Structure formats: C-alpha cells, structure tokens
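K.L.:
Sharing model.txt, compact mmCIF, C-alpha atoms:
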```txt
# COMPACT_ATOMS: atom_id res chain seq x y z
CA MET W 9 20.10 -4.00 -0.34
CA THR W 10 17.66 -3.88 2.62
CA ARG W 11 15.48 -6.31 4.56
CA ALA W 12 11.78 -6.37 5.48
CA PHE W 13 10.03 -7.78 8.55
CA LEU W 14 6.24 -8.17 8.42
CA ILE W 15 4.85 -8.97 11.88
CA VAL W 16 1.19 -9.92 12.29
CA ILE W 17 -0.09 -9.69 15.85
CA ASP W 18 -3.04 -11.95 15.27
CA SER W 19 -6.49 -10.37 15.76
CA VAL W 20 -5.27 -6.98 17.05
CA GLY W 21 -7.84 -4.86 15.23
CA CYS W 22 -8.55 -1.16 15.70
CA GLY W 23 -12.23 -0.86 14.77
CA GLY W 24 -13.87 1.25 12.11
CA ALA W 25 -14.29 -1.33 9.34
CA PRO W 26 -16.71 0.25 6.85
CA ASP W 27 -18.46 -3.08 6.26
CA ALA W 28 -18.59 -4.27 9.89
CA HIS W 29 -22.40 -4.27 9.72
CA ALA W 30 -22.25 -7.21 7.28
CA PHE W 31 -20.33 -9.49 9.68
CA PHE W 32 -21.78 -11.06 12.80
CA ASN W 33 -21.21 -12.74 16.13
CA GLY W 34 -24.37 -14.78 16.36
CA ALA W 35 -27.16 -12.36 15.47
CA THR W 36 -25.16 -9.28 16.51
CA PRO W 37 -23.36 -7.30 13.79
CA ASP W 38 -19.74 -6.32 14.39
CA THR W 39 -20.59 -2.63 14.09
CA GLY W 40 -18.64 -0.83 16.80
CA ALA W 41 -16.23 -3.66 17.63
CA ASN W 42 -12.74 -2.35 18.41
CA THR W 43 -10.22 -4.74 19.92
CA LEU W 44 -7.52 -2.23 20.86
CA ALA W 45 -9.69 0.71 21.89
CA HIS W 46 -11.97 -1.41 24.06
CA ILE W 47 -9.02 -3.08 25.79
CA ALA W 48 -7.47 0.34 26.47
CA GLN W 49 -10.76 1.64 27.81
CA ALA W 50 -11.23 -1.42 30.05
CA CYS W 51 -7.71 -1.07 31.43
CA ALA W 52 -8.24 2.64 32.17
CA ALA W 53 -11.49 1.79 33.98
CA GLY W 54 -9.76 -0.79 36.18
CA GLN W 55 -11.54 -3.68 34.48
CA ALA W 56 -8.42 -5.61 33.40
CA GLU W 57 -6.54 -6.19 36.61
CA GLU W 58 -5.76 -9.91 36.44
CA GLY W 59 -1.99 -10.32 36.27
CA ARG W 60 -1.49 -6.64 35.42
CA SER W 61 -2.82 -3.27 36.57
CA GLY W 62 -3.64 0.23 35.43
CA PRO W 63 -3.90 1.86 32.01
CA LEU W 64 -2.74 -0.09 28.97
CA ALA W 65 1.00 0.55 28.60
CA LEU W 66 2.26 0.16 25.03
CA PRO W 67 4.91 2.91 24.76
CA VAL W 68 6.90 1.40 21.90
CA MET W 69 3.97 0.81 19.54
CA ASP W 70 2.34 4.05 20.61
CA ARG W 71 5.47 5.99 19.63
CA LEU W 72 5.27 4.30 16.22
CA GLY W 73 1.69 5.58 15.93
CA LEU W 74 -0.63 2.99 17.52
CA GLY W 75 -2.97 5.37 19.35
CA ALA W 76 -3.13 7.66 16.34
CA ALA W 77 -3.92 4.68 14.07
CA ILE W 78 -6.81 3.57 16.30
CA ARG W 79 -8.27 7.07 16.38
CA LEU W 80 -7.90 7.40 12.60
CA ALA W 81 -9.57 4.04 12.01
CA SER W 82 -12.53 4.47 14.30
CA GLY W 83 -12.57 7.77 16.15
CA ASP W 84 -12.74 5.86 19.44
CA GLU W 85 -10.99 7.07 22.59
CA THR W 86 -7.60 5.51 23.36
CA PRO W 87 -6.78 6.20 27.03
CA GLY W 88 -3.07 5.78 27.69
CA LEU W 89 -2.20 5.77 23.98
CA ASP W 90 -1.60 9.42 23.14
CA ALA W 91 2.04 9.66 22.04
CA GLU W 92 3.14 11.84 19.14
CA PRO W 93 3.91 9.33 16.36
CA GLN W 94 7.56 8.92 15.42
CA GLY W 95 7.01 6.20 12.83
CA LEU W 96 5.04 5.86 9.62
CA TRP W 97 1.50 4.90 10.61
CA GLY W 98 -1.97 4.27 9.29
CA ALA W 99 -4.87 1.83 9.36
CA ALA W 100 -5.81 -0.79 6.76
CA SER W 101 -9.16 -2.12 5.54
CA GLU W 102 -9.85 -5.60 4.17
CA VAL W 103 -12.04 -6.37 1.16
CA SER W 104 -12.04 -10.20 1.27
CA PRO W 105 -15.44 -11.64 2.24
CA GLY W 106 -14.14 -13.30 5.40
CA LYS W 107 -12.73 -12.22 8.75
CA ASP W 108 -10.48 -15.26 9.08
CA THR W 109 -6.77 -16.01 9.18
CA PRO W 110 -6.17 -17.05 5.54
CA SER W 111 -8.20 -14.16 4.14
CA GLY W 112 -6.34 -11.61 6.24
CA HIS W 113 -2.87 -12.97 5.61
CA TRP W 114 -3.34 -13.56 1.89
CA GLU W 115 -4.64 -10.03 1.46
CA LEU W 116 -1.79 -8.56 3.53
CA ALA W 117 0.44 -10.43 1.08
CA GLY W 118 -1.27 -8.81 -1.90
CA VAL W 119 -4.00 -11.33 -2.83
CA PRO W 120 -7.63 -10.71 -1.79
CA VAL W 121 -9.73 -13.86 -1.56
CA PRO W 122 -11.87 -14.13 -4.72
CA TRP W 123 -14.52 -16.48 -3.34
CA ASP W 124 -16.82 -17.03 -0.36
CA TRP W 125 -15.55 -19.60 2.11
CA THR W 126 -17.65 -22.60 3.10
CA TYR W 127 -18.71 -22.76 6.74
CA PHE W 128 -20.46 -25.35 8.88
CA PRO W 129 -23.22 -23.27 10.50
CA ASP W 130 -25.00 -25.99 12.53
CA LYS W 131 -23.77 -26.00 16.13
CA GLN W 132 -24.50 -29.73 16.52
CA ASN W 133 -24.26 -32.45 13.88
CA SER W 134 -22.19 -29.94 11.94
CA PHE W 135 -20.76 -32.12 9.18
CA PRO W 136 -22.47 -33.83 6.23
CA PRO W 137 -22.62 -37.65 6.41
CA GLU W 138 -20.46 -38.12 3.30
CA LEU W 139 -17.65 -36.06 4.88
CA ILE W 140 -17.87 -38.05 8.12
CA ALA W 141 -17.69 -41.27 6.10
CA GLU W 142 -14.53 -40.08 4.36
CA VAL W 143 -12.91 -39.16 7.68
CA CYS W 144 -13.77 -42.57 9.11
CA LYS W 145 -12.32 -44.32 6.06
CA ALA W 146 -9.10 -42.33 6.25
CA ALA W 147 -8.83 -42.86 10.03
CA GLY W 148 -9.79 -46.54 9.91
CA THR W 149 -12.51 -46.04 12.50
CA ASP W 150 -16.23 -46.72 12.73
CA GLY W 151 -17.06 -43.17 13.76
CA ILE W 152 -15.91 -39.76 14.95
CA LEU W 153 -16.39 -37.82 18.16
CA GLY W 154 -17.57 -34.24 18.39
CA ASN W 155 -19.25 -33.29 15.10
CA CYS W 156 -20.05 -29.85 16.52
CA HIS W 157 -18.90 -26.31 17.16
CA ALA W 158 -16.58 -26.26 20.14
CA SER W 159 -13.72 -24.64 22.00
CA GLY W 160 -10.61 -26.70 21.35
CA THR W 161 -9.59 -26.75 25.00
CA VAL W 162 -13.07 -27.64 26.25
CA ILE W 163 -13.72 -30.44 23.77
CA ILE W 164 -10.56 -32.37 24.65
CA GLU W 165 -11.52 -32.19 28.30
CA ASP W 166 -15.01 -33.45 27.47
CA LEU W 167 -14.03 -36.15 24.96
CA GLY W 168 -10.36 -36.87 25.61
CA ARG W 169 -10.98 -40.02 27.64
CA GLU W 170 -13.43 -41.42 25.09
CA HIS W 171 -10.99 -40.65 22.28
CA VAL W 172 -8.15 -42.49 24.04
CA ASN W 173 -10.42 -45.48 24.70
CA THR W 174 -11.95 -45.73 21.21
CA GLY W 175 -9.33 -44.23 18.90
CA TRP W 176 -12.05 -42.18 17.22
CA PRO W 177 -10.81 -38.71 16.15
CA ILE W 178 -12.41 -35.65 17.73
CA CYS W 179 -13.74 -33.50 14.87
CA TYR W 180 -15.10 -30.01 15.42
CA THR W 181 -15.41 -26.58 13.84
CA SER W 182 -16.14 -22.97 14.73
CA ALA W 183 -17.47 -19.82 13.13
CA ASP W 184 -14.38 -19.92 10.87
CA SER W 185 -14.07 -21.94 7.67
CA VAL W 186 -12.21 -24.78 9.39
CA PHE W 187 -12.35 -28.52 10.03
CA GLN W 188 -10.36 -29.35 13.15
CA ILE W 189 -9.23 -32.78 14.33
CA ALA W 190 -7.93 -33.33 17.86
CA CYS W 191 -6.07 -36.55 18.67
CA HIS W 192 -3.80 -37.67 21.50
CA GLU W 193 -0.13 -37.55 20.53
CA GLY W 194 0.66 -40.78 22.38
CA ALA W 195 -2.49 -42.88 22.14
CA TYR W 196 -3.30 -41.95 18.54
CA GLY W 197 0.06 -40.73 17.25
CA LEU W 198 1.16 -37.34 15.96
CA ASP W 199 2.21 -38.54 12.51
CA ARG W 200 -1.02 -40.49 12.18
CA LEU W 201 -3.00 -37.33 12.96
CA TYR W 202 -1.05 -35.38 10.33
CA ASP W 203 -1.62 -38.17 7.80
CA LEU W 204 -5.36 -38.11 8.50
CA CYS W 205 -5.57 -34.34 8.00
CA LYS W 206 -3.50 -34.53 4.83
CA ALA W 207 -5.71 -37.30 3.43
CA ILE W 208 -9.00 -35.42 3.85
CA ALA W 209 -7.71 -31.91 3.09
CA PRO W 210 -8.22 -32.12 -0.70
CA THR W 211 -11.92 -32.88 -0.25
CA LEU W 212 -12.41 -29.99 2.15
CA HIS W 213 -10.43 -27.63 -0.05
CA ARG W 214 -12.66 -28.50 -3.00
CA MET W 215 -15.56 -27.51 -0.77
CA ARG W 216 -13.80 -24.12 -0.19
CA VAL W 217 -13.17 -24.89 3.47
CA GLY W 218 -10.10 -22.83 4.23
CA ARG W 219 -8.18 -25.06 6.63
CA VAL W 220 -7.97 -28.56 8.04
CA ILE W 221 -6.22 -28.18 11.38
CA ALA W 222 -4.44 -30.92 13.32
CA ARG W 223 -4.88 -30.23 17.04
CA PRO W 224 -2.70 -32.69 18.97
CA PHE W 225 -2.95 -32.97 22.73
CA VAL W 226 -1.40 -34.88 25.62
CA GLY W 227 -2.32 -35.85 29.16
CA THR W 228 -4.58 -38.27 31.00
CA GLU W 229 -8.01 -38.24 32.56
CA LEU W 230 -6.33 -37.75 35.96
CA THR W 231 -3.91 -34.98 34.99
CA GLY W 232 -6.17 -33.33 32.43
CA PHE W 233 -5.70 -32.97 28.70
CA THR W 234 -3.74 -30.07 27.18
CA ARG W 235 -3.01 -29.05 23.62
CA THR W 236 0.58 -29.02 22.42
CA THR W 237 2.40 -26.62 20.10
CA ASN W 238 2.47 -29.27 17.34
CA ARG W 239 -0.59 -27.83 15.65
CA LYS W 240 -0.43 -28.09 11.87
CA ASP W 241 -2.69 -26.34 9.37
CA PHE W 242 -3.44 -27.84 5.97
CA ALA W 243 -4.59 -24.70 4.19
CA LEU W 244 -5.99 -24.12 0.75
CA ALA W 245 -3.21 -22.56 -1.34
CA PRO W 246 -3.55 -18.90 -2.39
CA PRO W 247 -5.16 -18.49 -5.82
CA SER W 248 -2.31 -16.37 -7.24
CA PRO W 249 1.29 -15.40 -6.35
CA THR W 250 1.67 -13.50 -3.08
CA LEU W 251 4.32 -11.20 -1.68
CA CYS W 252 6.20 -14.32 -0.61
CA ASP W 253 6.32 -15.55 -4.21
CA TRP W 254 7.31 -12.11 -5.50
CA VAL W 255 10.27 -11.97 -3.12
CA GLN W 256 11.31 -15.58 -3.62
CA GLY W 257 10.98 -15.18 -7.38
CA ALA W 258 13.49 -12.33 -7.22
CA GLY W 259 16.01 -14.73 -5.73
CA ARG W 260 15.57 -13.57 -2.15
CA LYS W 261 14.95 -15.61 1.00
CA VAL W 262 11.55 -15.71 2.70
CA HIS W 263 11.51 -16.82 6.33
CA GLY W 264 8.27 -17.84 8.07
CA VAL W 265 7.76 -17.49 11.82
CA GLY W 266 4.76 -19.20 13.42
CA LYS W 267 1.90 -20.50 11.29
CA ILE W 268 2.93 -18.58 8.16
CA GLY W 269 4.07 -21.74 6.39
CA ASP W 270 0.71 -23.40 7.04
CA ILE W 271 -1.32 -20.37 5.97
CA PHE W 272 0.48 -20.20 2.62
CA SER W 273 0.89 -23.97 2.19
CA MET W 274 4.66 -23.24 2.12
CA GLN W 275 4.10 -21.50 -1.22
CA GLY W 276 6.88 -18.90 -1.51
CA ILE W 277 8.37 -19.80 1.91
CA ASP W 278 11.97 -21.02 2.20
CA ASP W 279 11.89 -22.09 5.84
CA VAL W 280 9.66 -21.83 8.87
CA VAL W 281 9.97 -22.06 12.66
CA LYS W 282 7.13 -22.85 15.05
CA GLY W 283 6.49 -22.75 18.78
CA SER W 284 4.76 -20.72 21.45
CA ASP W 285 4.67 -16.97 21.05
CA ALA W 286 7.52 -16.65 23.55
CA GLU W 287 9.60 -19.12 21.54
CA LEU W 288 8.71 -17.39 18.29
CA MET W 289 9.86 -14.06 19.69
CA GLY W 290 13.29 -15.58 20.25
CA GLN W 291 13.31 -16.84 16.66
CA LEU W 292 12.29 -13.43 15.35
CA LYS W 293 15.16 -11.81 17.23
CA ARG W 294 17.54 -14.38 15.74
CA LEU W 295 16.35 -13.52 12.25
CA VAL W 296 16.69 -9.79 12.93
CA ASP W 297 20.31 -10.52 13.80
CA GLU W 298 21.03 -13.08 11.07
CA ALA W 299 18.70 -12.75 8.06
CA ALA W 300 20.43 -11.87 4.82
CA ASP W 301 20.12 -8.60 2.94
CA GLY W 302 17.11 -8.52 0.64
CA SER W 303 15.16 -11.08 2.67
CA LEU W 304 11.58 -11.03 3.94
CA THR W 305 10.71 -12.34 7.39
CA PHE W 306 6.96 -12.91 7.78
CA ALA W 307 5.85 -13.62 11.37
CA ASN W 308 2.55 -14.42 13.06
CA PHE W 309 1.96 -14.29 16.81
CA VAL W 310 -1.26 -16.24 17.30
CA GLU W 311 -1.84 -16.31 21.06
CA PHE W 312 -3.53 -12.89 21.19
CA ASP W 313 -6.29 -14.54 19.16
CA SER W 314 -6.27 -18.15 20.33
CA LEU W 315 -5.75 -17.63 24.07
CA TYR W 316 -7.42 -14.29 24.75
CA GLY W 317 -9.62 -13.00 21.92
CA HIS W 318 -11.80 -16.07 21.41
CA ARG W 319 -11.97 -16.60 25.17
CA ARG W 320 -13.00 -12.96 25.73
CA ASP W 321 -10.19 -12.51 28.26
CA VAL W 322 -9.53 -8.77 28.44
CA SER W 323 -6.83 -8.96 31.12
CA GLY W 324 -4.98 -11.73 29.30
CA TYR W 325 -5.14 -9.83 26.02
CA ALA W 326 -3.79 -6.70 27.71
CA ARG W 327 -0.94 -8.68 29.29
CA ALA W 328 -0.03 -10.16 25.90
CA LEU W 329 -0.02 -6.73 24.27
CA GLU W 330 2.24 -5.30 26.97
CA TRP W 331 4.59 -8.28 26.67
CA PHE W 332 4.79 -7.87 22.90
CA ASP W 333 5.40 -4.13 23.18
CA ALA W 334 8.30 -4.65 25.59
CA GLU W 335 9.83 -7.29 23.30
CA LEU W 336 9.42 -5.03 20.26
CA GLY W 337 11.34 -2.40 22.18
CA THR W 338 14.36 -4.75 22.24
CA ILE W 339 14.05 -5.54 18.51
CA LEU W 340 13.91 -2.05 17.01
CA PRO W 341 17.47 -1.08 18.10
CA ARG W 342 18.78 -4.27 16.43
CA LEU W 343 17.48 -3.35 12.98
CA ARG W 344 20.11 -2.51 10.37
CA ASP W 345 20.23 0.77 8.50
CA GLY W 346 17.73 0.48 5.65
CA ASP W 347 15.56 -2.22 7.26
CA MET W 348 11.78 -1.86 7.24
CA LEU W 349 9.65 -3.40 9.99
CA VAL W 350 5.85 -3.45 9.79
CA VAL W 351 3.53 -4.36 12.68
CA THR W 352 -0.07 -5.04 11.68
CA ALA W 353 -2.91 -7.56 12.16
CA ASP W 354 -5.12 -9.84 10.07
CA HIS W 355 -8.58 -9.13 11.59
CA GLY W 356 -10.08 -8.23 14.96
CA ASN W 357 -11.18 -10.31 17.94
CA ASP W 358 -12.59 -7.85 20.44
CA PRO W 359 -12.50 -9.54 23.88
CA THR W 360 -15.26 -7.22 25.12
CA TRP W 361 -17.64 -8.24 22.31
CA ILE W 362 -20.54 -10.67 22.37
CA GLY W 363 -19.85 -14.25 21.18
CA THR W 364 -16.49 -15.89 20.54
CA ASP W 365 -15.87 -15.20 16.84
CA HIS W 366 -13.47 -12.79 15.16
CA THR W 367 -14.70 -9.22 14.68
CA ARG W 368 -14.57 -7.29 11.40
CA GLU W 369 -12.23 -4.35 11.96
CA ARG W 370 -9.58 -2.21 10.38
CA VAL W 371 -6.06 -3.03 11.54
CA PRO W 372 -3.18 -0.76 12.59
CA VAL W 373 -0.20 -0.33 10.28
CA LEU W 374 2.97 0.68 12.15
CA VAL W 375 6.21 1.05 10.20
CA ALA W 376 9.71 1.45 11.63
CA GLY W 377 12.68 2.36 9.45
CA LYS W 378 10.90 4.62 6.96
CA GLY W 379 10.78 7.85 8.90
CA ALA W 380 7.76 9.57 10.43
CA GLY W 381 4.51 10.37 8.71
CA GLN W 382 0.93 9.32 8.11
CA ALA W 383 0.14 6.63 5.57
CA GLY W 384 -3.54 7.26 6.22
CA LEU W 385 -6.36 4.82 5.51
CA VAL W 386 -4.91 2.16 3.23
CA ALA W 387 -5.80 -1.28 1.89
CA PHE W 388 -4.42 -4.56 3.20
CA THR W 389 -2.87 -5.09 -0.23
CA ASP W 390 -1.03 -1.76 0.05
CA ILE W 391 1.13 -3.34 2.76
CA ALA W 392 2.40 -5.97 0.32
CA ALA W 393 2.98 -3.35 -2.37
CA SER W 394 4.91 -1.15 0.06
CA ILE W 395 7.14 -4.00 1.23
CA ALA W 396 7.81 -4.96 -2.40
CA ASP W 397 8.67 -1.32 -3.12
CA HIS W 398 11.08 -1.26 -0.19
CA LEU W 399 12.79 -4.47 -1.32
CA GLY W 400 12.93 -3.40 -4.95
CA VAL W 401 10.77 -6.35 -6.01
CA PRO W 402 8.02 -5.99 -8.65
CA ALA W 403 4.55 -6.10 -7.10
CA GLN W 404 1.95 -8.17 -8.93
CA GLY W 405 -1.18 -7.49 -6.89
CA PRO W 406 -3.73 -4.65 -6.77
CA GLY W 407 -2.06 -2.78 -3.90
CA ARG W 408 -0.32 0.59 -4.11
CA THR W 409 2.76 1.57 -2.13
CA PHE W 410 2.36 4.16 0.62
CA LEU W 411 6.11 4.75 0.96
```
Please render this file's structure as structure tokens.

P.N.:
Amino acid sequence: MTRAFLIVIDSVGCGGAPDAHAFFNGATPDTGANTLAHIAQACAAGQAEEGRSGPLALPVMDRLGLGAAIRLASGDETPGLDAEPQGLWGAASEVSPGKDTPSGHWELAGVPVPWDWTYFPDKQNSFPPELIAEVCKAAGTDGILGNCHASGTVIIEDLGREHVNTGWPICYTSADSVFQIACHEGAYGLDRLYDLCKAIAPTLHRMRVGRVIARPFVGTELTGFTRTTNRKDFALAPPSPTLCDWVQGAGRKVHGVGKIGDIFSMQGIDDVVKGSDAELMGQLKRLVDEAADGSLTFANFVEFDSLYGHRRDVSGYARALEWFDAELGTILPRLRDGDMLVVTADHGNDPTWIGTDHTRERVPVLVAGKGAGQAGLVAFTDIAASIADHLGVPAQGPGRTFL
C-alpha cells in the first residue's frame, strides 16, 4: 500500500486560463495574469529585492517541472526556471464559475462547483439590512461595524478601538464570496466569536455565500491590533463526495493540514492541524514521517495568498516561494518508496496585477514519486482521479487519471 500527499500552495497560478477574459479585478479582465511568470520576471529585472535578491530561485520545484509547466500553461517567459523536468508535470484548468478557495479545493478534490456563488458587490453598505439584523440578534448588539469591503489588517486598525469599546462585531467582505467577522480575542472572546459565526452561517450558506470567516485579533490601541492564527472558516459543505470521502470511505485515514478542515467542513477529514505556514510545514514533515500506509494528507499553505498576493507584494511572494522550495527539498528525500506527492494551487493571485482580488489562471501540477514525464494540460478534477488511482480507491467524480 502507498500514501499520497496533496499540497496546495495557495494562489500560485501559472497563467493561461482559457476563460480568464470572463473574470475581473475591478473593470480589468484577468487576461494575461500569471502569478509565477510575472514574479520570475520581476525578480530577474531586479524589481523584487526586499528581503531577497536576484533571479527567482526554485531549484526543487523547477526540477519537478515548474518552469516547464508555466511555459506549457501560458507560453510566458520564465527567467531562472529552465531545468529539465525530472518529475511528472503539467498544468490544470478549472471549470467552476469562481476563482475562490472553496471552488478550487473542491474541484481539486474531484467536485466542480455546480452553482454561482453569491457576492456582496457594493464597496460600502455591503450587506442587506435583514442580514445585519440577524447578526445583531446573534451577537446581542445594537449594530455592527464595517459593513464594507476591506483589508482584514487595515479594518482592525481602523475599527479595533471602537470594537473594544462597544462590543459590536466588525463585519466585512471582499471580492470573494465571504462574510468575515473580526473580534478581539480578549475583549469579545474567541469562543463567542466562533459561536456568532456558527449561528449565522446557515443563513449565509442558504444565500450561496461560500464562507463565514472568524477573524480574531489581539492588541491595544497603543500597541496596535494584529490578527491571530485562530481563524476559523465556516464553509458551505461540498455538494457531493470528494476525494477525501472516497479515501475515508475505503477505510483509509485523511489528514488535513491548514484550512483544509474548514474548506471541506470536516467532511471526509479524520484530523486537522492549524497554524502559521512555518508551523504547518513542521506538521507536514511529521506526517511524511508518521502517516500510515494508504493515507491521504491534504495540505494548504495560505500565506502566499493572504500575506503577499492580495497585498500585491512581489518581493514577499518571491521570498515565500523560495522558502517553500527549500523546505520541499527536505521533504522529498523522506518519502517512502511508492509514495506520491503532488504540489499544485487552487487559483492565481498575481501580485503584479491591478486590484487586490484573485486572478483566473491555470495552476502547475508537479508530481514526485511517479517517475518523469508530461501529464500535459489537465483538469483540476484529474488530480483527484490520479490520486485515487495511486491509492487504489474508486474515483467518483468526472476526472480522469493522468498516471
């Protein structure tokens, strides 16, 4: 029996999505967005020198086929990423009508999203009065703060003091199908925040809003307010069994790393660990050493997206990629004979692009443990089918194995 490790480096797209013209940042279509290629080009041009220097250095992923996957997906130049692939590699396209976290992860796990998500398009006064009234009732308050599109770090700086003084929850959204609530862990209470999100989640899920997200923070007006790692997503459950259910249904263990448990509402997940990306890397290494034969480990590293993509921080994104590549280089030698490890992404978030939203892109598919070769242009769902094939588990979705 063998094991599988599916690692999603959140938002690390490689351009070339055939339907990018139908997705937008503001009024600008995502046509031409390419997270990886544009970072590599910026690094080669000396435009990503904060905390790092020189061309983008990703030797481990490039040997698996990263540069080749970017060029296959988009035809864009990949300075510094020109290794001869030694892994199985390709690029995957999404068909779900969203460029968000649940859509990407569900489809990677074999289940395309069959509906259009609900969004809150108004930048100010974003939420309908009846939803605000329900939040106030659940929170036991006379009002909410925010009610707008906002950066999560900026809004707690702007409204943190007022929240602590009034007890009113800070409610905000973004270009994603999300309803986010920020509350102070001490002044408001972490469990109380979770209870509030849990109470209103059914209403938002009926509206086809993908996630209610608890965004706890700490600090004072003097020291500044900072978010903690105790984020919790209350996500709409997938509409049909995913790869996680297929594996679990075969009597195997499914381990979640990062926000995987939240994304799948713990459906098909045996256990989950959370933390910063650095902490999650340690947990992934532990599972590489300890996970049982036949198991699936499904990991998400979110900080590429949350800290660098949305903030359009090219240098930070490049630093994160180089850190991940070095860590992956310590993981691959620890794999057992017969293991399969897949590195991919759920959407793009080009830090050189206009706006702050995700970008519609193909994603790289890099496979260790299955020899060298080209998988070609595949579907997101083909990744789930291929992992099921590797584990000897029946696949139930539309994907086809590329093994």

K.L.:
Using only C-alpha atoms, which of the listed residues (W:Pro93, W:Gly154, W:Gly302, W:Pro372) sits closest to Ile395 of chain W?

P.N.:
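For Ile395 of chain W, the nearest of the candidates is W:Gly302.
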
K.L.:
Have a look at atom CA of Ile221 of chain W and atom CA of Gln188 of chain W and let me know their distance in Å, one decimal.

P.N.:
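Spanning atom CA of Ile221 of chain W to atom CA of Gln188 of chain W is a straight-line distance of 4.7 Å.
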
K.L.:
Return the single residue from W:Leu374, W:Ile178, W:Leu399, W:Ala117 that is closest to Ala99 of chain W, with distances computed using only C-alpha atoms.

P.N.:
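Of the candidates, the smallest distance to Ala99 of chain W is held by W:Leu374.
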
K.L.:
Taking into account all atoms listed in the file, which residue in the set W:Gly88, W:Gly98, W:Gly405, W:Gly54 is nearest to Val373 of chain W?

P.N.:
W:Gly98

K.L.:
Would you mind listing what lies within 10 Å of Ile140 of chain W as a list in words, with only C-alpha atoms counted and same-chain residues fewer than 5 positions away left out?

P.N.:
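Listing them by chain and then by number gives Ser134, Phe135, Lys145, Ala146, Asp150, Gly151, Ile152, Asn155 and Cys179 of chain W.
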
K.L.:
Skip Val119 of chain W itself and residues of its chain fewer than 6 positions away, then list as a ChimeraX atom specification all residues within 10 Å of it, counting only C-alpha atoms.

P.N.:
/W:104,111-113,246-251,388-389,392,404-407

K.L.:
Which of these residues is nearest to Ala28 of chain W, using only C-alpha atoms: W:Ala56, W:Val103, W:Ala50, W:Ala376?

P.N.:
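Ranking W:Ala56, W:Val103, W:Ala50, W:Ala376 by distance to Ala28 of chain W, first place goes to W:Val103.
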
K.L.:
Using all atoms listed in the file, which of the listed residues (W:Gly227, W:Pro105, W:Gly257, W:Pro341) sits closest to Gln275 of chain W?

P.N.:
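Closest candidate: W:Gly257.
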
K.L.:
What does the structure give for the distance between atom CA of Cys51 of chain W and atom CA of Val375 of chain W, in Å to one decimal?

P.N.:
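Result for atom CA of Cys51 of chain W versus atom CA of Val375 of chain W: 25.5 Å, one decimal.
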
K.L.:
In Å, rounded to a single decimal, give me how far atom CA of Val401 of chain W is from atom CA of Val255 of chain W.

P.N.:
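About the pair atom CA of Val255 of chain W and atom CA of Val401 of chain W: they are 6.3 Å apart.
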
K.L.:
The residues within 9 Å of (-9.5, -6.0, 12.0), using all atoms listed in the file and the coordinates of the file, should be reported as an MDAnalysis selection string; which are they?

P.N.:
chainID W and resid 19:25 42:43 100:102 107 112 353:357 366:372

K.L.:
Can you tell me, as lines of an AutoDock Vina configuration file, the centre and edge lengths (Å, one decimal) of the axis-aligned box enclosing all of segment 281-296 of chain W's listed atoms after padding each side by 8 Å?

P.N.:
```
center_x = 11.1
center_y = -16.3
center_z = 17.9
size_x = 28.9
size_y = 29.1
size_z = 27.3
```

K.L.:
Can you tell me which residues surround Leu74 of chain W at a distance of at most 9 Å, considering only C-alpha atoms, apart from same-chain residues fewer than 3 positions away, and format the answer as a PyMOL selection string?

P.N.:
chain W and resi 66+68-71+77-79+89-91+93+97-98+372-374

K.L.:
So that I can see what lies close to Ala245 of chain W, please list as a ChimeraX atom specification the residues with an atom at most 10 Å from it, counting only C-alpha atoms and leaving out residues fewer than 5 positions away in the same chain.

P.N.:
/W:110,114,213,218-219,270-275

K.L.:
Between W:Cys252, W:Leu139, W:Val351, W:Ala207, single out the one closest to Pro402 of chain W, counting only C-alpha atoms.

P.N.:
W:Cys252

K.L.:
Got a sec: who's within 10 Å of Val262 of chain W, counting all atoms listed in the file, leaving out chain neighbours fewer than 6 positions off, as a list in words?

P.N.:
Ala12, Phe13, Leu251, Cys252, Asp253, Trp254, Val255, Gln256, Gly276, Ile277, Asp278, Asp279, Val280, Ala299, Ala300, Gly302, Ser303, Leu304, Thr305 and Phe306 of chain W

K.L.:
I need the residues from that last selection saved to file as a compact mmCIF listing (two decimals), keeping the file's coordinate frame (with C-alpha atoms), if you can.

P.N.:
```
# COMPACT_ATOMS: atom_id res chain seq x y z
CA ALA W 12 11.78 -6.37 5.48
CA PHE W 13 10.03 -7.78 8.55
CA LEU W 251 4.32 -11.20 -1.68
CA CYS W 252 6.20 -14.32 -0.61
CA ASP W 253 6.32 -15.55 -4.21
CA TRP W 254 7.31 -12.11 -5.50
CA VAL W 255 10.27 -11.97 -3.12
CA GLN W 256 11.31 -15.58 -3.62
CA GLY W 276 6.88 -18.90 -1.51
CA ILE W 277 8.37 -19.80 1.91
CA ASP W 278 11.97 -21.02 2.20
CA ASP W 279 11.89 -22.09 5.84
CA VAL W 280 9.66 -21.83 8.87
CA ALA W 299 18.70 -12.75 8.06
CA ALA W 300 20.43 -11.87 4.82
CA GLY W 302 17.11 -8.52 0.64
CA SER W 303 15.16 -11.08 2.67
CA LEU W 304 11.58 -11.03 3.94
CA THR W 305 10.71 -12.34 7.39
CA PHE W 306 6.96 -12.91 7.78
```

K.L.:
Select, counting all atoms listed in the file, all protein, DNA and RNA residues no farther than 10 Å from (-19.6, -26.1, 10.7) in file coordinates, and express the selection as a list of chain:residue names.

P.N.:
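Those residues lying close to the given coordinates are W:Thr126, W:Tyr127, W:Phe128, W:Pro129, W:Asp130, W:Lys131, W:Gln132, W:Asn133, W:Ser134, W:Phe135, W:Pro136, W:Asn155, W:Cys156, W:His157, W:Ala158, W:Tyr180, W:Thr181, W:Ser182, W:Ala183, W:Asp184, W:Ser185, W:Val186, W:Phe187, W:Val217.
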